[in-house]
Amino acid sequence: MQKLRAFSKSKDSESDYEKPKRSFTAPGSPKSLNKDVPTSPSSSLNVVTAESSGKLSPELAPIVSLLSAQSHRKYQEGVFMLLKDLDSDGSPSDRKWMEVYGIMIGNELAYWDSDQLESSGSIVLGDNKPSYINFSDGTFKPCLKLPSANGSIENVIVLSTTLKNRFLLQFPTKEEFHGWSCAFRLASFEFKSLQEAYTASLLSSRGALLSDIRVILSEKKFNYEDWVSVRFGAGMPWKRCFAVIEPSKKSRKGFKHGFIYFYENEKMSKKLLMAKITSISSVYALYPRNYTIIDKSTLIKLDGAIQFDQKESSKSCSIFLMPEQHTSVPGYDTLIRFLIPLMDSFNLYGRPTRLNADKTDIDSLLFGLPVLPKVHYLEVDDLLPMADNLGSIDWDQNEWNA
């Protein structure tokens with residue numbers, strides 16, 4: 001079957017690979033590896049965007065404002081017990097319980113040891129700096145009862161973050177346990193919803209810069225292939241592999257989704273198959289936290305199910321993908337060409353026919369926006385007004401501060 005290969009790298013340079021380094025804002029970004037690959041004929045190389053010149057374009061300003069506001073929103077605070085279970089390498093940590101005072105702001109949990117609290121109960125500022133737990137790309141599991149060697153522990157949230165770090169958070173009452181569990185869920189939902197809305201804004205603003213955007217948005221009949229860096233879940237190392245996106249098919253029985261295959265190299269034999277994505281519930285580009293590097297970022301997050309062995313069943317997981325950038329080709333060009341086939345293959349967000357822009361539709365990239373609640377200790381005080389056009393909203397970030 002004929003295949004569409006996107007800027008495929010030559011076999012002679014397969015070994016030249018440097019693992020992505022961990023950055024402050026995202027799981028990292030690999031260096032450009034395709035120095036000998038010809039550029040895309042459709043790329044607008046002479047286009048200078050506002051972000052590349054250090055300014056924020058009007059079409060991206062609303063969603064960037066919302067992303068910034070969510071990262072500064074206070075969801076919950078209080079006193080609880082904290083235990084670090086595993087270190088970054090997966091080895092057991094000191095596993096000592098300590099009482100802490102924590103504040104969840106955005107997708108980051110800041111906490112202080114109770115010994116740093118004044119007799120009045122306020123946090124000692126200045127020299128006493130908090131410790132932080134970032135769970136934006138982690139997972140959490142609320143447990144009313146967690147079995148342990150010394151008996152079951154009640155009202156516990158198991159929080160797994162980057163690499164193999166794992167924490168246990170125990171709360172004194174069931175009410176506080178439910179409150180913090182809801183805070184984690186709400187923060188994660190808003191983060192994901194805003195990332196999907198950012199993806200919609202990016203496709204709208206940058207897709208217009210590609211001369212062959214109509215071809216990219218047309219229904220796919222052939223496989224899409226490209227080299228990518230992939231991380232199969234939190235705590236897993238980055239790996240370079242050759243990705244093959246199989247298109248969806250229409251039959252008399254209805255829609256039949258495709259698959260995503262990851263191979264060790266371009267030979268694509270069964271022996272070199274590393275993993276297969278069997279289903280996807282969401283896929284979106286991740287905002288790099290700094291709008292000046294939007295045009296360079298190719299980071300994608302995928303939530304779905306993966307199969308490493310054909311004899312085993314699929315397992316749910318969150319996967320990070322970074323299609324390799326190419327010489328003289330903007331990052332958004334590479335990102336869009338990889339992202340659209342992913343949506344098409346699994347019939348996401350209205351694709352493969354057209355993107356769904358209905359904010360009230362759960363299958364839309366803009367679902368739930370901008371109807372997000374103003375929250376103070378998980379009590380809904382107000383609802384932000386619905387707008388017909390995301391690009392026409394003039395948001396006041398003070399409305400997002402709890």
# chains A, B, ... in the order shown; residues from 1 in each chain; ligands from 1
$ residues_around --residues "Ser131 of chain A" --least-positions-apart "4" --cutoff "7 Å" --atoms "only C-alpha atoms" --output "ChimeraX atom specification"
/A:110-112
$ residues_around --residues "Ile336 of chain A" --least-positions-apart "6" --cutoff "10 Å" --atoms "only C-alpha atoms" --output "mmCIF file with N, CA and C atoms, in the first residue's frame"
data_model
loop_
_atom_site.group_PDB
_atom_site.id
_atom_site.type_symbol
_atom_site.label_atom_id
_atom_site.label_comp_id
_atom_site.auth_asym_id
_atom_site.auth_seq_id
_atom_site.Cartn_x
_atom_site.Cartn_y
_atom_site.Cartn_z
ATOM 1 N N THR A 199 -4.737 23.922 21.465
ATOM 2 C CA THR A 199 -4.517 23.182 20.229
ATOM 3 C C THR A 199 -5.420 23.697 19.119
ATOM 4 N N LEU A 202 -4.077 26.996 17.971
ATOM 5 C CA LEU A 202 -2.848 26.806 17.216
ATOM 6 C C LEU A 202 -3.138 26.318 15.799
ATOM 7 N N LEU A 203 -4.064 25.361 15.675
ATOM 8 C CA LEU A 203 -4.426 24.861 14.349
ATOM 9 C C LEU A 203 -5.031 25.962 13.495
ATOM 10 N N ARG A 206 -1.936 28.818 12.917
ATOM 11 C CA ARG A 206 -0.759 28.377 12.176
ATOM 12 C C ARG A 206 -1.104 27.557 10.937
ATOM 13 N N GLY A 207 -2.240 26.906 10.947
ATOM 14 C CA GLY A 207 -2.626 26.123 9.776
ATOM 15 C C GLY A 207 -2.797 26.984 8.540
ATOM 16 N N LEU A 210 0.235 27.392 6.148
ATOM 17 C CA LEU A 210 0.695 26.285 5.307
ATOM 18 C C LEU A 210 -0.046 26.321 3.975
ATOM 19 N N ILE A 213 -2.549 23.336 3.295
ATOM 20 C CA ILE A 213 -3.374 22.971 4.438
ATOM 21 C C ILE A 213 -4.614 22.196 4.008
ATOM 22 N N ILE A 216 -3.631 18.643 3.819
ATOM 23 C CA ILE A 216 -3.439 18.091 5.161
ATOM 24 C C ILE A 216 -4.770 17.754 5.808
ATOM 25 N N LEU A 217 -5.780 18.595 5.591
ATOM 26 C CA LEU A 217 -7.090 18.397 6.204
ATOM 27 C C LEU A 217 -7.979 17.439 5.432
ATOM 28 N N ALA A 285 -1.796 19.283 21.593
ATOM 29 C CA ALA A 285 -0.482 19.906 21.720
ATOM 30 C C ALA A 285 -0.380 20.552 23.098
ATOM 31 N N THR A 298 6.958 20.981 19.512
ATOM 32 C CA THR A 298 6.248 19.887 18.839
ATOM 33 C C THR A 298 5.714 18.864 19.842
ATOM 34 N N LEU A 342 -3.389 11.859 13.542
ATOM 35 C CA LEU A 342 -3.759 11.212 14.800
ATOM 36 C C LEU A 342 -5.253 11.366 15.067
#
$ atom_distance --atom1 "atom CA of Asn150 of chain A" --atom2 "atom CA of Leu168 of chain A"
15.0 Å
$ closest_residue --among "A:Asn265, A:Ser193, A:Ser279, A:Ser88" --to "Pro237 of chain A" --atoms "only C-alpha atoms"
A:Ser88
$ select_by_dssp --residues "segment 53-123 of chain A" --states "strand (DSSP E or B)" --output "VMD selection string"
chain A and resid 74 to 86 92 98 to 105 108 to 113 117 123
$ closest_residue --among "A:Lys96, A:Ser148, A:Met236, A:Tyr75" --to "Ser181 of chain A" --atoms "only C-alpha atoms"
A:Tyr75
$ residues_around --residues "Leu67 of chain A" --least-positions-apart "5" --cutoff "9 Å" --atoms "only C-alpha atoms" --output "list of chain:residue names"
A:Pro62, A:His72, A:Phe191, A:Leu194, A:Gln195, A:Tyr198, A:Tyr287, A:Arg289
$ write_last_selection --atoms "all heavy atoms" --output "PDB file, in the first residue's frame"
ATOM      1  N   PRO A  62      -6.132  35.282  23.938  1.00  0.00           N
ATOM      2  CA  PRO A  62      -7.153  34.824  24.889  1.00  0.00           C
ATOM      3  C   PRO A  62      -6.808  33.500  25.560  1.00  0.00           C
ATOM      4  O   PRO A  62      -6.924  33.372  26.776  1.00  0.00           O
ATOM      5  CB  PRO A  62      -8.409  34.710  24.016  1.00  0.00           C
ATOM      6  CG  PRO A  62      -8.172  35.624  22.879  1.00  0.00           C
ATOM      7  CD  PRO A  62      -6.707  35.541  22.603  1.00  0.00           C
ATOM      8  N   HIS A  72      -2.191  29.982  38.005  1.00  0.00           N
ATOM      9  CA  HIS A  72      -2.116  30.780  39.220  1.00  0.00           C
ATOM     10  C   HIS A  72      -3.358  30.645  40.104  1.00  0.00           C
ATOM     11  O   HIS A  72      -3.473  31.318  41.119  1.00  0.00           O
ATOM     12  CB  HIS A  72      -1.910  32.258  38.875  1.00  0.00           C
ATOM     13  CG  HIS A  72      -0.571  32.558  38.276  1.00  0.00           C
ATOM     14  ND1 HIS A  72      -0.323  32.431  36.923  1.00  0.00           N
ATOM     15  CD2 HIS A  72       0.598  32.959  38.841  1.00  0.00           C
ATOM     16  CE1 HIS A  72       0.953  32.751  36.685  1.00  0.00           C
ATOM     17  NE2 HIS A  72       1.522  33.078  37.825  1.00  0.00           N
ATOM     18  N   PHE A 191      -6.895  21.938  33.254  1.00  0.00           N
ATOM     19  CA  PHE A 191      -5.614  21.941  32.541  1.00  0.00           C
ATOM     20  C   PHE A 191      -5.764  21.284  31.173  1.00  0.00           C
ATOM     21  O   PHE A 191      -5.336  21.832  30.146  1.00  0.00           O
ATOM     22  CB  PHE A 191      -4.560  21.218  33.374  1.00  0.00           C
ATOM     23  CG  PHE A 191      -3.221  21.091  32.702  1.00  0.00           C
ATOM     24  CD1 PHE A 191      -2.326  22.151  32.683  1.00  0.00           C
ATOM     25  CD2 PHE A 191      -2.849  19.903  32.080  1.00  0.00           C
ATOM     26  CE1 PHE A 191      -1.092  22.035  32.069  1.00  0.00           C
ATOM     27  CE2 PHE A 191      -1.616  19.779  31.461  1.00  0.00           C
ATOM     28  CZ  PHE A 191      -0.733  20.848  31.456  1.00  0.00           C
ATOM     29  N   LEU A 194      -7.999  23.375  28.724  1.00  0.00           N
ATOM     30  CA  LEU A 194      -7.309  24.545  28.193  1.00  0.00           C
ATOM     31  C   LEU A 194      -6.230  24.142  27.187  1.00  0.00           C
ATOM     32  O   LEU A 194      -5.990  24.865  26.212  1.00  0.00           O
ATOM     33  CB  LEU A 194      -6.699  25.356  29.334  1.00  0.00           C
ATOM     34  CG  LEU A 194      -7.711  26.070  30.235  1.00  0.00           C
ATOM     35  CD1 LEU A 194      -7.012  26.712  31.433  1.00  0.00           C
ATOM     36  CD2 LEU A 194      -8.482  27.121  29.453  1.00  0.00           C
ATOM     37  N   GLN A 195      -5.585  23.003  27.402  1.00  0.00           N
ATOM     38  CA  GLN A 195      -4.593  22.533  26.431  1.00  0.00           C
ATOM     39  C   GLN A 195      -5.261  22.170  25.113  1.00  0.00           C
ATOM     40  O   GLN A 195      -4.711  22.421  24.031  1.00  0.00           O
ATOM     41  CB  GLN A 195      -3.839  21.317  26.994  1.00  0.00           C
ATOM     42  CG  GLN A 195      -3.006  21.600  28.232  1.00  0.00           C
ATOM     43  CD  GLN A 195      -1.857  22.555  27.982  1.00  0.00           C
ATOM     44  OE1 GLN A 195      -1.353  22.675  26.867  1.00  0.00           O
ATOM     45  NE2 GLN A 195      -1.440  23.260  29.022  1.00  0.00           N
ATOM     46  N   TYR A 198      -6.060  25.381  23.427  1.00  0.00           N
ATOM     47  CA  TYR A 198      -4.825  25.918  22.849  1.00  0.00           C
ATOM     48  C   TYR A 198      -4.517  25.230  21.522  1.00  0.00           C
ATOM     49  O   TYR A 198      -4.102  25.866  20.554  1.00  0.00           O
ATOM     50  CB  TYR A 198      -3.671  25.728  23.829  1.00  0.00           C
ATOM     51  CG  TYR A 198      -2.302  25.849  23.208  1.00  0.00           C
ATOM     52  CD1 TYR A 198      -1.798  27.078  22.804  1.00  0.00           C
ATOM     53  CD2 TYR A 198      -1.507  24.712  23.007  1.00  0.00           C
ATOM     54  CE1 TYR A 198      -0.547  27.195  22.219  1.00  0.00           C
ATOM     55  CE2 TYR A 198      -0.259  24.813  22.429  1.00  0.00           C
ATOM     56  CZ  TYR A 198       0.219  26.053  22.032  1.00  0.00           C
ATOM     57  OH  TYR A 198       1.451  26.158  21.450  1.00  0.00           O
ATOM     58  N   TYR A 287       0.995  23.420  25.561  1.00  0.00           N
ATOM     59  CA  TYR A 287       1.518  24.785  25.552  1.00  0.00           C
ATOM     60  C   TYR A 287       2.861  24.812  26.280  1.00  0.00           C
ATOM     61  O   TYR A 287       2.972  24.311  27.404  1.00  0.00           O
ATOM     62  CB  TYR A 287       0.520  25.716  26.243  1.00  0.00           C
ATOM     63  CG  TYR A 287       1.004  27.141  26.398  1.00  0.00           C
ATOM     64  CD1 TYR A 287       1.290  27.914  25.281  1.00  0.00           C
ATOM     65  CD2 TYR A 287       1.174  27.703  27.660  1.00  0.00           C
ATOM     66  CE1 TYR A 287       1.731  29.219  25.412  1.00  0.00           C
ATOM     67  CE2 TYR A 287       1.613  29.011  27.808  1.00  0.00           C
ATOM     68  CZ  TYR A 287       1.887  29.761  26.679  1.00  0.00           C
ATOM     69  OH  TYR A 287       2.334  31.046  26.813  1.00  0.00           O
ATOM     70  N   ARG A 289       4.432  27.009  27.923  1.00  0.00           N
ATOM     71  CA  ARG A 289       4.495  27.958  29.039  1.00  0.00           C
ATOM     72  C   ARG A 289       5.094  29.307  28.666  1.00  0.00           C
ATOM     73  O   ARG A 289       4.983  30.255  29.406  1.00  0.00           O
ATOM     74  CB  ARG A 289       5.279  27.362  30.226  1.00  0.00           C
ATOM     75  CG  ARG A 289       4.607  26.169  30.898  1.00  0.00           C
ATOM     76  CD  ARG A 289       3.433  26.609  31.739  1.00  0.00           C
ATOM     77  NE  ARG A 289       2.822  25.482  32.437  1.00  0.00           N
ATOM     78  CZ  ARG A 289       3.138  25.123  33.685  1.00  0.00           C
ATOM     79  NH1 ARG A 289       4.055  25.818  34.332  1.00  0.00           N
ATOM     80  NH2 ARG A 289       2.553  24.099  34.246  1.00  0.00           N
TER      81      ARG A 289
END
$ atom_distance --atom1 "atom CA of Cys143 of chain A" --atom2 "atom CA of Ser282 of chain A"
25.5 Å
$ closest_residue --among "A:Glu190, A:Asp226, A:Glu77, A:Glu312" --to "His326 of chain A" --atoms "only C-alpha atoms"
A:Asp226
